[in-house]
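Trainee: Pasting target_17.pdb here (PDB, C-alpha atoms and all ligand atoms):
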ATOM      1  CA  MET A   1     -12.367  27.246   6.967  1.00  0.00           C
ATOM      2  CA  LEU A   2     -10.074  26.024   4.234  1.00  0.00           C
ATOM      3  CA  THR A   3      -8.790  28.468   1.673  1.00  0.00           C
ATOM      4  CA  LYS A   4      -8.525  27.616  -2.015  1.00  0.00           C
ATOM      5  CA  THR A   5      -4.740  27.319  -1.754  1.00  0.00           C
ATOM      6  CA  VAL A   6      -4.956  24.820   1.085  1.00  0.00           C
ATOM      7  CA  LYS A   7      -7.492  22.765  -0.837  1.00  0.00           C
ATOM      8  CA  LYS A   8      -5.224  22.784  -3.877  1.00  0.00           C
ATOM      9  CA  GLU A   9      -2.236  21.665  -1.784  1.00  0.00           C
ATOM     10  CA  TYR A  10      -4.322  18.932  -0.199  1.00  0.00           C
ATOM     11  CA  ASN A  11      -5.347  17.666  -3.646  1.00  0.00           C
ATOM     12  CA  VAL A  12      -1.715  17.618  -4.781  1.00  0.00           C
ATOM     13  CA  TYR A  13      -0.797  15.704  -1.609  1.00  0.00           C
ATOM     14  CA  MET A  14      -3.598  13.157  -2.125  1.00  0.00           C
ATOM     15  CA  THR A  15      -2.555  12.610  -5.742  1.00  0.00           C
ATOM     16  CA  TRP A  16       1.009  12.018  -4.547  1.00  0.00           C
ATOM     17  CA  MET A  17      -0.216   9.531  -1.911  1.00  0.00           C
ATOM     18  CA  GLN A  18      -2.176   7.703  -4.594  1.00  0.00           C
ATOM     19  CA  ALA A  19       0.939   7.403  -6.755  1.00  0.00           C
ATOM     20  CA  VAL A  20       2.949   6.164  -3.757  1.00  0.00           C
ATOM     21  CA  ARG A  21       0.337   3.539  -2.932  1.00  0.00           C
ATOM     22  CA  ARG A  22       0.149   2.401  -6.545  1.00  0.00           C
ATOM     23  CA  ALA A  23       3.937   2.103  -6.881  1.00  0.00           C
ATOM     24  CA  VAL A  24       4.391   0.183  -3.606  1.00  0.00           C
ATOM     25  CA  ARG A  25       1.545  -2.190  -4.371  1.00  0.00           C
ATOM     26  CA  ALA A  26       2.882  -2.811  -7.879  1.00  0.00           C
ATOM     27  CA  ALA A  27       6.271  -3.701  -6.418  1.00  0.00           C
ATOM     28  CA  TYR A  28       5.392  -5.685  -3.275  1.00  0.00           C
ATOM     29  CA  ALA A  29       1.712  -6.749  -3.173  1.00  0.00           C
ATOM     30  CA  GLU A  30       0.956 -10.482  -3.206  1.00  0.00           C
ATOM     31  CA  PRO A  31      -2.435 -12.249  -3.121  1.00  0.00           C
ATOM     32  CA  CYS A  32      -3.909 -13.501   0.168  1.00  0.00           C
ATOM     33  CA  GLN A  33      -3.398 -17.299   0.321  1.00  0.00           C
ATOM     34  CA  GLU A  34      -6.689 -17.844   2.205  1.00  0.00           C
ATOM     35  CA  CYS A  35      -8.587 -15.962  -0.494  1.00  0.00           C
ATOM     36  CA  ILE A  36      -7.073 -18.258  -3.147  1.00  0.00           C
ATOM     37  CA  LEU A  37      -8.006 -21.411  -1.178  1.00  0.00           C
ATOM     38  CA  GLN A  38     -11.469 -20.444   0.023  1.00  0.00           C
ATOM     39  CA  ARG A  39     -12.793 -18.309  -2.834  1.00  0.00           C
ATOM     40  CA  PRO A  40     -10.980 -19.483  -5.981  1.00  0.00           C
ATOM     41  CA  THR A  41     -13.318 -17.703  -8.419  1.00  0.00           C
ATOM     42  CA  CYS A  42     -12.959 -14.278  -6.756  1.00  0.00           C
ATOM     43  CA  ASP A  43     -10.094 -11.843  -7.089  1.00  0.00           C
ATOM     44  CA  PRO A  44      -7.856 -12.378  -4.049  1.00  0.00           C
ATOM     45  CA  THR A  45      -7.036  -9.447  -1.765  1.00  0.00           C
ATOM     46  CA  LYS A  46      -3.590  -8.068  -2.562  1.00  0.00           C
ATOM     47  CA  LEU A  47      -1.522  -7.785   0.623  1.00  0.00           C
ATOM     48  CA  LEU A  48       1.665  -5.890   1.361  1.00  0.00           C
ATOM     49  CA  PRO A  49       4.205  -7.543   3.712  1.00  0.00           C
ATOM     50  CA  SER A  50       2.698  -8.047   7.224  1.00  0.00           C
ATOM     51  CA  GLN A  51      -0.680  -6.682   6.101  1.00  0.00           C
ATOM     52  CA  VAL A  52      -3.786  -8.517   7.361  1.00  0.00           C
ATOM     53  CA  CYS A  53      -6.588  -9.600   5.006  1.00  0.00           C
ATOM     54  CA  ALA A  54      -9.836  -7.965   6.136  1.00  0.00           C
ATOM     55  CA  ILE A  55     -11.874 -11.043   5.205  1.00  0.00           C
ATOM     56  CA  HIS A  56      -9.777 -13.934   6.562  1.00  0.00           C
ATOM     57  CA  ALA A  57      -7.510 -12.237   9.116  1.00  0.00           C
ATOM     58  CA  TYR A  58      -4.664 -13.899   7.212  1.00  0.00           C
ATOM     59  CA  ARG A  59      -1.396 -12.081   7.829  1.00  0.00           C
ATOM     60  CA  ASP A  60       1.154 -11.912   5.035  1.00  0.00           C
ATOM     61  CA  PRO A  61       4.191 -13.777   6.455  1.00  0.00           C
ATOM     62  CA  ARG A  62       6.827 -11.421   5.043  1.00  0.00           C
ATOM     63  CA  THR A  63       8.430  -8.883   7.378  1.00  0.00           C
ATOM     64  CA  GLU A  64       7.319  -5.256   7.111  1.00  0.00           C
ATOM     65  CA  LEU A  65       8.846  -3.092   4.406  1.00  0.00           C
ATOM     66  CA  THR A  66      11.967  -1.271   5.510  1.00  0.00           C
ATOM     67  CA  ARG A  67      12.651   2.398   4.825  1.00  0.00           C
ATOM     68  CA  GLU A  68      15.175   1.328   2.159  1.00  0.00           C
ATOM     69  CA  GLU A  69      12.546  -0.761   0.375  1.00  0.00           C
ATOM     70  CA  TRP A  70      10.136   2.191   0.396  1.00  0.00           C
ATOM     71  CA  GLN A  71      12.921   4.403  -0.942  1.00  0.00           C
ATOM     72  CA  SER A  72      13.718   1.926  -3.726  1.00  0.00           C
ATOM     73  CA  VAL A  73      10.152   2.415  -5.017  1.00  0.00           C
ATOM     74  CA  ILE A  74       9.788   6.111  -4.161  1.00  0.00           C
ATOM     75  CA  PRO A  75      13.153   7.870  -4.433  1.00  0.00           C
ATOM     76  CA  TYR A  76      11.750  11.041  -2.851  1.00  0.00           C
ATOM     77  CA  PHE A  77      10.466   9.229   0.260  1.00  0.00           C
ATOM     78  CA  PRO A  78      11.600  11.181   3.393  1.00  0.00           C
ATOM     79  CA  LYS A  79      15.070  10.039   4.468  1.00  0.00           C
ATOM     80  CA  THR A  80      14.777  10.692   8.234  1.00  0.00           C
ATOM     81  CA  ASP A  81      12.050  10.246  10.833  1.00  0.00           C
TER
HETATM   82 ZN    ZN B   1      -8.157 -13.255   2.297  1.00  0.00          ZN
END
Would you mind writing the file's structure down as structure tokens?
Ligand SMILES: [Zn+2]

Mentor:
Amino acid sequence: MLTKTVKKEYNVYMTWMQAVRRAVRAAYAEPCQECILQRPTCDPTKLLPSQVCAIHAYRDPRTELTREEWQSVIPYFPKTD
């Protein structure tokens, strides 16, 4: 059973993850090209490099983000594996 402290820490962690996700997507996300072609009136799915669109199985052609690119967005991203 989770204690109150653990729950609080988990909430802090989830808020941090949300901020990370938001920052990375703001910096690197690009719209799915298939979404733009096939459903022009809808909002296209925003894809990070090498991410696959859940609707069209379209893979973003860019190579995956490196650790340095993650660190450029989130300075406090862990430095070692
Ligand atoms: Zn798509």

Trainee: If you count all atoms listed in the file, which residues end up within 10 Å of ligand ZN 1 (chain B), as number ranges by chain?

Mentor: A: 31-39, 43-47, 52-60

Trainee: If you measure from CA of Tyr10 (chain A) to CA of Arg22 (chain A), what distance in Å do you get, rounded to one decimal?

Mentor: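 Taking CA of Tyr10 (chain A) and CA of Arg22 (chain A), their separation equals 18.3 Å.
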
Trainee: What is the distance, in Å and to one decimal place, between CA of Trp16 (chain A) and CA of Leu65 (chain A)?

Mentor: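 Atom-to-atom, CA of Trp16 (chain A) and CA of Leu65 (chain A) are spaced 19.2 Å apart.
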
Trainee: Go ahead and compute the interatomic distance for CA of Ala29 (chain A) and CA of Cys42 (chain A), in Å to one decimal.

Mentor: 16.9 Å

Trainee: Given the file shown, determine the residues that the PyMOL selection byres (((chain A and resi 74) around 12) and not hetatm) selects; report them as a VMD selection string.

Mentor: chain A and resid 16 to 17 19 to 27 67 to 73 75 to 79

Trainee: Which residues fall under the PyMOL selection byres (((chain A and resi 62) around 10) and not hetatm) in this file, as a JSON list (two decimals) with C-alpha atoms, in the coordinates of the input?

Mentor:
[["chain", "number", "residue", "atom", "x", "y", "z"],
["A", 48, "LEU", "CA", 1.66, -5.89, 1.36],
["A", 49, "PRO", "CA", 4.20, -7.54, 3.71],
["A", 50, "SER", "CA", 2.70, -8.05, 7.22],
["A", 51, "GLN", "CA", -0.68, -6.68, 6.10],
["A", 59, "ARG", "CA", -1.40, -12.08, 7.83],
["A", 60, "ASP", "CA", 1.15, -11.91, 5.04],
["A", 61, "PRO", "CA", 4.19, -13.78, 6.46],
["A", 63, "THR", "CA", 8.43, -8.88, 7.38],
["A", 64, "GLU", "CA", 7.32, -5.26, 7.11],
["A", 65, "LEU", "CA", 8.85, -3.09, 4.41]]
